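Following: one structure in structure tokens, then a few remarks.
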Amino acid sequence: MFELIFFSLLNGIVTGLLLFMLASGLTLIFSMMGVLNFAHASFYMLGAYFAYTISEYVGFWPGLIIAPVLVGVLGALIERYGLRYVHRWGHVAELIFTFGLAFLIEEVVSFIWGKETKAYQEPEILQFALFTFFGQDFPAYKAFMIFISIAICIALLLVLTRTRIGLIIQAAISHPNMTAMLGHNVPFVFMGVFGVGCALAGLAGVIAGPALTTFPGMAVVLGSIVFVIVVVGGLGSLGGAFVASLIIGLMQTFAISLDYSVSDILSVLNITPDSEGALRDLWTLSLPQVAPILPYLLLVLILIFRPTGLFGKRES
Amino acid sequence: MSEITNTQTDEISVPFVKRFGPWIFLAIGLIVLPYIFSSNIAVYTMNLMGIFIIFALAYNMLLGQGGMLSFGHAVYFGLGGFMSVHFMNYVEAEVVVLPMFILPIFGGIIGLIFAFIIGSFSTRRAGTVFAMISLGVGELIAACSLIFVAFFGGEEGVTGDRTMGPEILGIDFAQDIEVYYLIAGWAFITIGLMYLFSRTPMGRMANAVRDNDERAEFIGYSQVRVRLVSFCASGFFAGIAGGLFAINFEIVTEENLNALTSGVVLLMTYIGGVGFFVGPIVGAVIFTLLQTLLSNYTEIWQLYVGLLFVLTVMYVPQGLTGLIAMHIPAYKMKRMSGLFVPYLRIGVPSAIMVAGMAGFLETVHHVRSAAVGETMMSLIGIEFDTHTVVPWIIVCGMSISGGFFAKSQVSQLREAWDTANAPQTSNEGASS
Amino acid sequence: MKIRSMILAGAALATLSAFTAQAAETIKIAFVDPLSGPFASTGSSGLQQFRYAVDELVNKKGGVLGGRMFEIVAYDNKMSPKESLIQFKRAIGEGVHFIAQGNSSGVANALTDAIKKHNKRNPDNRALFLNYSAVDPVLTNAKCNFWHFRFDANADIKMNALTDVIKVNTDIKKIYLIGQDYSFGKAVAAAAVRFLGEKRPDIEIVGNELHPIGKVKDFTPYATKIRASGADAVITGNWGADMVGLGKAIGDTGLEIPIYTYYAANDGITKTIGAGGKNKIRLVHEGPLNPPRTEAYKAYHSGFKAKNPDKDISQFRIVNTIQMLAAAIEKAGSDKPIDVARALEGMKFTTLHGEEIVMRAEDHQMLQPIHISVHTDENITFDSDNSGFGLLVEKSVPASDAALPTTCKMKRPS
């Protein structure tokens with residue numbers, strides 16, 4: 001049991017930190033521009049595919065730098081020539097634009113790279129077990145993922161709080177008009193933040209690609225979870241996104257690891273449910289079975305009872 | 001959004017033909033269509049269209065009329081389908097005796113019930129919060145459908161047999177054409193009801209709340225209640241569409257209520273045009289055609305649909321119906337003829353450009369996916385070798401020269417457009 | 001002048017009618033499987049195998065019924081039951097009467113039902129369902145029908161063969177079952193529980209897990225759970241992206257136990273698993289790939305690889321499907337579905353591998369030898385995914401031993 005808890009904890013942290021790399025960019029974009037970027041996870045997928053192609057020619061490590069930069073530039077271009085153009089039609093149109101973009105990027109990816117799973121591998125140097133605990137290996141690559149995510153977290157924190165650019169960004173988040181009046185080029189800041197957010201998602205894709213397999217559906221399976229994090233954490237709150245990422249990451253791994261079901265509770269209470277009625281599936285419901293819906297349950301509950309999210313201060 | 005509000009003239013004094021003409025035309029059209037397009041596959045496509053027309057119109061009660069962007073509206077469509085297919089099975093098992101054509105009403109009722117339950121908390125807010133709740137609820141119910149196998153049938157879904165109901169006038173719905181008339185009948189009724197809803201004070205208030213909820217409150221309407229009523233009505237009609245789906249396909253699965261279906265209905269409604277009552281109808285027809293016809297000719301049709309969608313959102317946010325509606329002022333002033341030649345001058349090179357680009361994509365796709373040694377491919381009946389230079393020069397040349405000439409014609413089109421609409425000072429359609 | 005133009009018109013008409021007659025003569029086979037979405041790679045690989053089999057084994061030999069060619073028409077069903085029915089209707093509309101489908105038993109369940117209804121309602125325009133890969137046992141038991149023929153061994157038969165191998169492996173004391181949460185995954189789990197209970201009651205089933213199909217992004221928690229359960233072996237029916245993820249995650253935890261699978265090879269899976277799965281992954285399948293048994297198969301395989309270097313003959317049953325369909329049409333002397341179906345019932349056939357197989361008449365289930373192979377890079381003649389790794393036959397179970405009785409009570413059209 002201890003072994004299960006220990007490894008679930010580690011796996012949960014790996015997933016949570018990975019999700020945070022996506023969520024941090026999304027929450028910055030959302031709080032500045034008020035746009036929930038549906039295509040954010042698509043940039044994550046693009047990161048993985050770019051890095052895969054780069055690794056085919058020059059290996060894994062250059063891809064770690066080049067792929068996120070490419071994704072970031074692409075993101076900035078899309079903001080400049082796509083999103084900013086659509087902005088004139090209003091918020092709903094912007095949301096629908098990013099929704100369509102997500103659809104389009106998936107099609108483009110399967111057009112360029114094909115539909116099959118790509119054999120994007122972790123670098124040879126990281127293909128060993130970092131430590132063995134109760135006979136179970138912990139791959140070094142997972143540790144590397146944790147390391148990169150934490151490094152990015154710290155870098156992000158430092159940039160936002162210790163640099164001039166970070167202060168301008170913070171100002172633009174809370175008072176965009178006032179910041180513009182002070183002579184800062186707010187549209188340029190928007191474009192930059194959008195690009196950096198996409199680059200972060202791309203970097204997450206680069207390191208997640210080998211671990212979670214690289215295929216055209218990889219954006220969809222992660223896409224809506226990232227929204228859940230941003231909304232649950234609270235709009236515009238990086239700290240909230242961090243906490244929510246870890247909660248969701250841990251929740252998903254632990255829900256799969258722990259085999260408790262409704263029938264266990266019922267048997268403790270000495271109730272024997274009928275096994276024929278329309279609700280029969282409810283009585284056999286187990287925790288691993290409901291694991292995929294827990295994040296959405298959390299989302300709906302948070303939106304009903306605390307629309308500002310855990311740490312947020314405003315609704316939209 | 002505000003410039004595309006429903007601003008039809010008051011129709012109390014409108015003569016009979018003008019008032020009922022479109023409806024009579026619609027009814028005759030629905031009856032005659034299968035005689036024009038009589039092949040099996042055509043009837044099948046029209047059945048699909050009918051179902052999605054109802055669904056898209058129901059969706060537009062939220063998006064277009066109420067300004068509520070939902071990412072989970074397939075929930076009500078799917079639940080309606082499941083309820084109807086269960087009733088279909090009750091009929092087969094002779095638990096209840098019902099004629100088959102009445103089944104969609106049960107779909108509508110379950111859609112209404114669930115819309116009321118979910119709407120009671122989700123419509124408290126509009127905008128992004130509403131959109132996020134709809135997404136969450138959508139994912140939640142889609143995931144639940146795989147867990148509660150007794151009702152949803154798991155991954156395989158629930159099947160039924162539509163021919164098992166009591167025969168009425170010798171119709172047992174064994175053939176698709178019989179189902180067509182069933183769908184057409186329901187479509188006619190629901191289109192009428194949804195149109196009437198948009199004319200009621202409640203429907204008008206939905207527009208008001210969409211445009212400015214505070215003002216609507218000042219008049220004395222609760223914005224939450226207005227949204228809830230729209231939401232319930234929309235859920236009801238979506239459920240009816242789901243019920244028709246169940247009759248047509250005799251199977252309802254998880255994908256009827258998942259995010260993909262929710263996305264598809266958003267897509268078709270938006271392409272059609274959210275600001276117009278007929279917009280979703282146009283969108284549903286065009287999307288179904290794209291889906292069934294385009295996929296016959298090309299494997300990468302989804303790429304084209306994606307491009308079309310993104311380009312629509314960017315450049316024609318009023319949708320295709322909006323594009324047509326832009327020409328109404330010029331048409332009324334009888335100046336359409338002045339636009340004909342400029343359109344031709346820009347249309348021909350644009351068509352060449354599009355054809356060139358599509359040819360390029362198709363050729364690339366063929367080179368990548370064909371077996372080794374299989375270098376011949378055929379496009380619109382022309383056979384050529386993809387491993388020679390000539391086809392590439394042709395498709396690239398078509399795209400570039402077409403694009404170049406099209407661009408050079410933009411200014412003359414703009415001029416012609418301005419002259420065609422010149423004296424009209426306050427024309428709303430052409431404001432873009 | 002007038003006569004001349006009449007002759008010209010007549011000639012034009014004649015060529016036109018000759019053309020249409022020739023077009024009508026090709027026998028079309030609809031391929032209804034996913035060509036987009038998470039399972040597209042499995043579908044498109046199957047399509048290439050069908051195309052090659054048709055060209056090589058039927059059309060190059062002069063076709064059937066004195067020169068009528070086969071043609072494969074691809075329909076993308078996105079692995080959705082609903083979309084499959086749409087594509088089925090389309091195929092019927094385009095004059096196709098043979099429907100081949102294999103990926104997902106959920107789809108096959110919907111399709112067999114739809115074809116049954118269609119044939120009942122349209123007796124003059126019937127269709128025949130060639131199921132080449134959907135192995136939910138129910139299709140040839142409770143839900144069997146006259147128009148459905150299954151060319152793959154069903155999940156129970158495969159599990160019967162697999163447990164024969166596990167039976168003699170005394171190292172295995174604890175087994176973990178994991179699968180996709182749909183009819184096929186459930187069928188595999190139920191069969192495993194049943195046969196292990198019969199053959200090795202001492203084996204403890206330490207886990208019986210179903211996960212959502214095509215939606216799990218990270219299998220590590222499942223792998224951790226398997227590891228923590230102390231299992232000595234894993235049985236899974238996973239396929240496509242779900243198999244890649246599971247295989248990778250189990251490999252990462254450093255588990256050194258055998259993993260018995262149904263589909264852990266080809267379409268990128270072998271390459272992704274690579275050295276991590278050597279001598280661990282085992283596969284239950286038909287058609288003994290390594291070592292190859294006949295020259296005829298060697299030539300066929302090499303020819304396929306020359307034409308499709310990135311693909312593999314991952315589903316040998318496709319070859320059997322095409323060859324047996326051609327043989328049945330010849331035997332019936334007609335391509336009417338009902339005649340072909342009657343010819344297929346009870347048909348005996350020798351495959352390219354030289355194995356004797358038979359289509360059992362009472363439930364339309366193919367009875368064939370089953371092989372259990374191991375994922376390795378030693379003694380491999382034909383590797384998978386060009387990775388150097390491939391499947392080496394460890395043990396074979398003859399058709400008669402693997403076969404199981406059926407509960408099918410088939411209603412035959414008069």
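As shown in the structure tokens, the chain order sets the letters A, B, ...; within each chain, residues go from 1, and ligands are also counted from 1 in the order they appear.
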
Expected answer as a PyMOL selection string: chain A residues within 6 Å of chain B, only C-alpha atoms: chain A and resi 86+97+100+104+107+278+281+293+296+300

Test item: chain B residues at most 8 Å from chain C, counting only C-alpha atoms, as a ChimeraX atom specification: /B:39-41,44,146,154-156,159,174-175,249,251-253,255,371-373

Output C-alpha atoms of each residue in that selection to a file, as a PDB file, in the first residue's frame.
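Output saved as part-v2.pdb:
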ATOM      1  CA  SER B  39     -31.796   7.836 -54.923  1.00  0.00           C
ATOM      2  CA  ASN B  40     -31.372   5.987 -51.658  1.00  0.00           C
ATOM      3  CA  ILE B  41     -28.344   7.934 -50.664  1.00  0.00           C
ATOM      4  CA  TYR B  44     -30.565   9.326 -46.530  1.00  0.00           C
ATOM      5  CA  LEU B 146     -19.996   5.079 -20.504  1.00  0.00           C
ATOM      6  CA  GLY B 154     -21.920   1.700 -22.837  1.00  0.00           C
ATOM      7  CA  GLU B 155     -19.654   2.050 -25.854  1.00  0.00           C
ATOM      8  CA  GLU B 156     -22.007   0.071 -28.123  1.00  0.00           C
ATOM      9  CA  THR B 159     -30.303  -0.210 -30.632  1.00  0.00           C
ATOM     10  CA  ALA B 174     -39.196  -0.026 -43.128  1.00  0.00           C
ATOM     11  CA  GLN B 175     -38.003   2.265 -45.916  1.00  0.00           C
ATOM     12  CA  PHE B 249     -30.519   5.316 -37.311  1.00  0.00           C
ATOM     13  CA  ILE B 251     -29.053   3.247 -32.737  1.00  0.00           C
ATOM     14  CA  VAL B 252     -27.985   5.884 -30.226  1.00  0.00           C
ATOM     15  CA  THR B 253     -24.495   5.899 -28.782  1.00  0.00           C
ATOM     16  CA  GLU B 255     -21.074  10.031 -29.417  1.00  0.00           C
ATOM     17  CA  ALA B 371       1.959   2.775 -51.833  1.00  0.00           C
ATOM     18  CA  VAL B 372       5.500   2.774 -53.214  1.00  0.00           C
ATOM     19  CA  GLY B 373       5.602   2.737 -56.992  1.00  0.00           C
TER      20      GLY B 373
END

Those of stretch 46-171 of chain A in DSSP alpha helix (DSSP H), formatted as a PyMOL selection string: chain A and resi 46-58+60-78+84-86+91-113+140-162+164-171

Check: which chain A residues lie within 8 Å of chain C using only C-alpha atoms, as a PyMOL selection string: chain A and resi 1+3-4+7-8+11+115-119+121+129+136-139+212-213+215-218+221-222+253-254+256-257+288-289

Store the residues of this selection in a file with C-alpha atoms, as a JSON list (two decimals), in the first residue's frame.
[["chain", "number", "residue", "atom", "x", "y", "z"],
["A", 1, "MET", "CA", 0.00, 0.00, 0.00],
["A", 3, "GLU", "CA", 4.45, 1.62, -2.40],
["A", 4, "LEU", "CA", 1.25, 2.46, -4.26],
["A", 7, "PHE", "CA", 4.44, 6.14, -6.65],
["A", 8, "SER", "CA", 0.99, 7.60, -7.13],
["A", 11, "ASN", "CA", 3.14, 10.26, -10.80],
["A", 115, "LYS", "CA", -2.34, 9.69, -38.37],
["A", 116, "GLU", "CA", -0.26, 6.97, -36.81],
["A", 117, "THR", "CA", 1.61, 7.17, -33.53],
["A", 118, "LYS", "CA", 5.11, 8.59, -33.92],
["A", 119, "ALA", "CA", 8.04, 6.80, -32.31],
["A", 121, "GLN", "CA", 11.66, 8.54, -27.88],
["A", 129, "ALA", "CA", 15.85, 3.82, -13.77],
["A", 136, "GLN", "CA", 9.49, -0.64, -8.84],
["A", 137, "ASP", "CA", 11.56, 1.58, -11.12],
["A", 138, "PHE", "CA", 11.22, 5.31, -11.30],
["A", 139, "PRO", "CA", 12.42, 6.34, -14.77],
["A", 212, "LEU", "CA", 2.60, 10.10, -23.27],
["A", 213, "THR", "CA", 3.03, 9.06, -26.95],
["A", 215, "PHE", "CA", -0.32, 11.12, -31.96],
["A", 216, "PRO", "CA", -2.87, 13.51, -33.51],
["A", 217, "GLY", "CA", -5.37, 12.96, -30.70],
["A", 218, "MET", "CA", -2.97, 14.04, -27.94],
["A", 221, "VAL", "CA", -7.29, 14.24, -24.42],
["A", 222, "LEU", "CA", -5.60, 17.09, -22.59],
["A", 253, "THR", "CA", -3.62, 9.21, -10.33],
["A", 254, "PHE", "CA", -5.04, 8.45, -6.90],
["A", 256, "ILE", "CA", -7.06, 5.12, -10.49],
["A", 257, "SER", "CA", -4.82, 3.66, -7.80],
["A", 288, "PRO", "CA", -11.06, 4.20, -11.11],
["A", 289, "GLN", "CA", -14.21, 4.20, -13.20]]

Who sits within 12 Å of C:Val319, only C-alpha atoms, same chain under 4 positions skipped, as a PyMOL selection string: chain C and resi 46-58+132+151-152+286-287+297+300-301+304+313-315+323-326+349-353

Would you put the residues from that selection into a file with N, CA and C atoms, as a short mmCIF file (atom, residue, chain, number, x, y, z; two decimals), in the first residue's frame?
data_model
loop_
_atom_site.label_atom_id
_atom_site.label_comp_id
_atom_site.auth_asym_id
_atom_site.auth_seq_id
_atom_site.Cartn_x
_atom_site.Cartn_y
_atom_site.Cartn_z
N GLY C 46 -4.96 -1.84 -42.44
CA GLY C 46 -5.86 -2.89 -42.91
C GLY C 46 -6.26 -2.66 -44.35
N LEU C 47 -6.51 -1.39 -44.69
CA LEU C 47 -6.92 -1.05 -46.06
C LEU C 47 -5.85 -1.45 -47.07
N GLN C 48 -4.58 -1.12 -46.75
CA GLN C 48 -3.50 -1.48 -47.68
C GLN C 48 -3.39 -2.99 -47.81
N GLN C 49 -3.61 -3.71 -46.72
CA GLN C 49 -3.53 -5.17 -46.78
C GLN C 49 -4.64 -5.74 -47.64
N PHE C 50 -5.83 -5.17 -47.54
CA PHE C 50 -6.94 -5.60 -48.38
C PHE C 50 -6.61 -5.34 -49.85
N ARG C 51 -6.12 -4.12 -50.13
CA ARG C 51 -5.85 -3.75 -51.52
C ARG C 51 -4.82 -4.70 -52.12
N TYR C 52 -3.77 -4.99 -51.33
CA TYR C 52 -2.71 -5.84 -51.86
C TYR C 52 -3.24 -7.25 -52.08
N ALA C 53 -4.01 -7.75 -51.13
CA ALA C 53 -4.54 -9.12 -51.23
C ALA C 53 -5.42 -9.25 -52.48
N VAL C 54 -6.25 -8.23 -52.71
CA VAL C 54 -7.15 -8.27 -53.86
C VAL C 54 -6.37 -8.26 -55.16
N ASP C 55 -5.37 -7.37 -55.26
CA ASP C 55 -4.58 -7.29 -56.49
C ASP C 55 -3.82 -8.58 -56.74
N GLU C 56 -3.16 -9.05 -55.67
CA GLU C 56 -2.20 -10.12 -55.83
C GLU C 56 -2.88 -11.48 -55.97
N LEU C 57 -3.92 -11.69 -55.18
CA LEU C 57 -4.48 -13.05 -55.08
C LEU C 57 -5.72 -13.25 -55.93
N VAL C 58 -6.35 -12.17 -56.37
CA VAL C 58 -7.55 -12.34 -57.18
C VAL C 58 -7.35 -11.74 -58.58
N TYR C 132 -13.69 -9.26 -40.37
CA TYR C 132 -12.34 -9.82 -40.43
C TYR C 132 -11.57 -9.62 -39.14
N PHE C 151 -13.92 -14.13 -39.79
CA PHE C 151 -12.72 -14.80 -40.27
C PHE C 151 -11.62 -14.82 -39.23
N ASP C 152 -11.81 -14.12 -38.12
CA ASP C 152 -10.83 -14.12 -37.04
C ASP C 152 -11.35 -15.07 -35.95
N GLU C 286 -3.45 -15.48 -35.37
CA GLU C 286 -3.51 -16.51 -36.41
C GLU C 286 -2.38 -16.23 -37.40
N GLY C 287 -1.99 -17.21 -38.19
CA GLY C 287 -0.97 -16.98 -39.21
C GLY C 287 0.42 -16.92 -38.62
N TYR C 297 4.05 -17.93 -48.91
CA TYR C 297 3.84 -16.80 -48.00
C TYR C 297 5.01 -15.84 -48.04
N TYR C 300 4.68 -13.63 -50.91
CA TYR C 300 3.57 -12.68 -50.71
C TYR C 300 4.01 -11.56 -49.77
N HIS C 301 4.63 -11.93 -48.65
CA HIS C 301 5.05 -10.95 -47.65
C HIS C 301 6.07 -9.98 -48.24
N PHE C 304 4.48 -7.54 -50.53
CA PHE C 304 3.74 -6.51 -49.81
C PHE C 304 4.69 -5.45 -49.26
N ILE C 313 2.06 -6.94 -42.71
CA ILE C 313 0.89 -7.81 -42.77
C ILE C 313 0.53 -8.14 -41.33
N SER C 314 -0.21 -7.23 -40.72
CA SER C 314 -0.49 -7.39 -39.30
C SER C 314 -1.72 -8.26 -39.10
N GLN C 315 -2.56 -8.37 -40.13
CA GLN C 315 -3.79 -9.14 -39.97
C GLN C 315 -3.87 -10.15 -41.11
N GLN C 323 -9.33 -14.54 -50.12
CA GLN C 323 -9.22 -15.80 -50.86
C GLN C 323 -10.48 -16.64 -50.74
N MET C 324 -11.04 -16.65 -49.54
CA MET C 324 -12.23 -17.47 -49.34
C MET C 324 -13.44 -16.86 -50.01
N LEU C 325 -13.51 -15.54 -50.03
CA LEU C 325 -14.62 -14.89 -50.72
C LEU C 325 -14.56 -15.24 -52.20
N ALA C 326 -13.36 -15.16 -52.78
CA ALA C 326 -13.20 -15.48 -54.19
C ALA C 326 -13.59 -16.94 -54.44
N PHE C 349 -10.51 -24.67 -46.32
CA PHE C 349 -9.58 -23.88 -47.11
C PHE C 349 -8.16 -24.08 -46.59
N THR C 350 -7.20 -24.06 -47.50
CA THR C 350 -5.79 -24.12 -47.10
C THR C 350 -5.17 -22.75 -47.30
N THR C 351 -4.62 -22.18 -46.23
CA THR C 351 -4.13 -20.81 -46.30
C THR C 351 -2.75 -20.76 -46.93
N LEU C 352 -2.28 -19.53 -47.15
CA LEU C 352 -0.93 -19.33 -47.70
C LEU C 352 0.13 -19.92 -46.78
N HIS C 353 -0.17 -19.99 -45.49
CA HIS C 353 0.77 -20.59 -44.54
C HIS C 353 0.70 -22.11 -44.58
#

Residue contacts of A:Ser31 (7 Å, only C-alpha atoms) excluding same-chain residues fewer than 2 positions away, as a ChimeraX atom specification: /A:27-29,33-34,173,235-236

Write a file of the just-selected residues containing all heavy atoms, as a CSV table (one decimal), in the first residue's frame.
chain,number,residue,atom,x,y,z
A,27,THR,N,-3.6,30.7,-18.5
A,27,THR,CA,-4.2,31.6,-17.5
A,27,THR,C,-3.6,33.0,-17.8
A,27,THR,O,-4.3,34.0,-17.6
A,27,THR,CB,-3.9,31.1,-16.1
A,27,THR,OG1,-4.9,31.7,-15.3
A,27,THR,CG2,-2.6,31.4,-15.6
A,28,LEU,N,-2.3,33.1,-18.2
A,28,LEU,CA,-1.8,34.5,-18.5
A,28,LEU,C,-2.6,35.1,-19.7
A,28,LEU,O,-3.0,36.2,-19.6
A,28,LEU,CB,-0.3,34.3,-18.9
A,28,LEU,CG,0.7,34.4,-17.8
A,28,LEU,CD1,2.1,34.3,-18.3
A,28,LEU,CD2,0.5,35.6,-16.9
A,29,ILE,N,-2.8,34.2,-20.7
A,29,ILE,CA,-3.5,34.7,-21.9
A,29,ILE,C,-4.9,35.1,-21.6
A,29,ILE,O,-5.4,36.2,-21.9
A,29,ILE,CB,-3.5,33.6,-23.0
A,29,ILE,CG1,-2.1,33.4,-23.5
A,29,ILE,CG2,-4.4,34.0,-24.1
A,29,ILE,CD1,-1.9,32.1,-24.4
A,33,MET,N,-6.2,38.9,-22.0
A,33,MET,CA,-7.0,39.1,-23.2
A,33,MET,C,-8.5,38.7,-23.1
A,33,MET,O,-9.3,39.0,-23.9
A,33,MET,CB,-6.4,38.4,-24.4
A,33,MET,CG,-4.9,38.7,-24.5
A,33,MET,SD,-4.1,37.6,-25.6
A,33,MET,CE,-4.6,38.2,-27.2
A,34,GLY,N,-8.8,38.0,-22.0
A,34,GLY,CA,-10.1,37.6,-21.8
A,34,GLY,C,-10.5,36.5,-22.7
A,34,GLY,O,-11.7,36.2,-22.9
A,173,ILE,N,-2.5,43.1,-17.2
A,173,ILE,CA,-3.5,42.2,-16.8
A,173,ILE,C,-4.6,42.9,-16.1
A,173,ILE,O,-5.8,42.7,-16.4
A,173,ILE,CB,-2.9,41.0,-15.9
A,173,ILE,CG1,-2.0,40.1,-16.7
A,173,ILE,CG2,-4.0,40.2,-15.2
A,173,ILE,CD1,-1.4,39.0,-15.9
A,235,LEU,N,-9.5,32.7,-12.4
A,235,LEU,CA,-9.0,33.4,-13.6
A,235,LEU,C,-7.9,34.4,-13.2
A,235,LEU,O,-8.0,35.2,-12.3
A,235,LEU,CB,-10.1,34.1,-14.3
A,235,LEU,CG,-11.2,33.2,-14.7
A,235,LEU,CD1,-12.4,33.9,-15.3
A,235,LEU,CD2,-10.7,32.0,-15.5
A,236,GLY,N,-6.8,34.3,-13.9
A,236,GLY,CA,-5.7,35.3,-13.7
A,236,GLY,C,-4.8,35.0,-12.6
A,236,GLY,O,-3.9,35.7,-12.2

Residue contacts of A:Gly166 (12 Å, only C-alpha atoms) excluding same-chain residues fewer than 5 positions away, as a list of chain:residue names: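 In the requested form, the answer reads A:Leu28, A:Ala155, A:Leu156, A:Leu157, A:Leu158, A:Val159, A:Leu160, A:Thr161, A:Ala171, A:Ala172, A:Ile173, A:Val189, A:Gly192, A:Val193.
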
Writing out the chosen residues with C-alpha atoms as a PDB file, in the first residue's frame:
ATOM      1  CA  LEU A  28      -1.806  34.465 -18.513  1.00  0.00           C
ATOM      2  CA  ALA A 155      11.757  31.323 -14.065  1.00  0.00           C
ATOM      3  CA  LEU A 156       8.196  32.450 -14.685  1.00  0.00           C
ATOM      4  CA  LEU A 157       7.838  33.680 -11.133  1.00  0.00           C
ATOM      5  CA  LEU A 158      11.087  35.614 -11.306  1.00  0.00           C
ATOM      6  CA  VAL A 159      10.259  37.206 -14.643  1.00  0.00           C
ATOM      7  CA  LEU A 160       6.824  38.284 -13.502  1.00  0.00           C
ATOM      8  CA  THR A 161       7.854  39.718 -10.167  1.00  0.00           C
ATOM      9  CA  ALA A 171      -0.196  45.945 -14.982  1.00  0.00           C
ATOM     10  CA  ALA A 172      -1.634  45.039 -18.371  1.00  0.00           C
ATOM     11  CA  ILE A 173      -3.498  42.150 -16.789  1.00  0.00           C
ATOM     12  CA  VAL A 189       2.576  42.899 -24.860  1.00  0.00           C
ATOM     13  CA  GLY A 192       4.344  38.576 -26.636  1.00  0.00           C
ATOM     14  CA  VAL A 193       2.402  36.959 -23.826  1.00  0.00           C
TER      15      VAL A 193
END

Shell of 12 Å around A:Ser261, only C-alpha atoms, local chain residues under 4 positions omitted, as a PyMOL selection string: chain A and resi 255-256+265-268+281-291

Point-to-point distance from atom CA of A:Phe43 to atom CA of A:Ala208, Å rounded to tenths: 12.5 Å

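Considering the residues A:Gly309, A:Gly233, A:Gly249, A:Gly209 and counting only C-alpha atoms, A:Thr15 has its shortest atom-to-atom contact with A:Gly249.
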
Residue nearest A:Ser245 among A:Gly312, A:Pro176, A:Pro295, A:Pro68 (counting only C-alpha atoms): A:Pro295

Strand (DSSP E or B) residues, from DSSP on the backbone, in stretch 321-398 of chain B, as a PyMOL selection string: chain B and resi 376-379+382-385

Residue neighbourhood B:Pro104, 9 Å, only C-alpha atoms, exclusion window fewer than 4 positions, as a list in words: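 That gives Gly80, Gly81, Met83, Ser84, Met100, Gly108, Ile109, Trp186, Gly239, Ile240, Ala241, Gly242, Gly243, Leu244, Phe245, Ala246 and Ile247 of chain B.
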
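We find atom CA of A:Ala48 and atom CA of A:Val69 to be spaced 12.4 Å apart.
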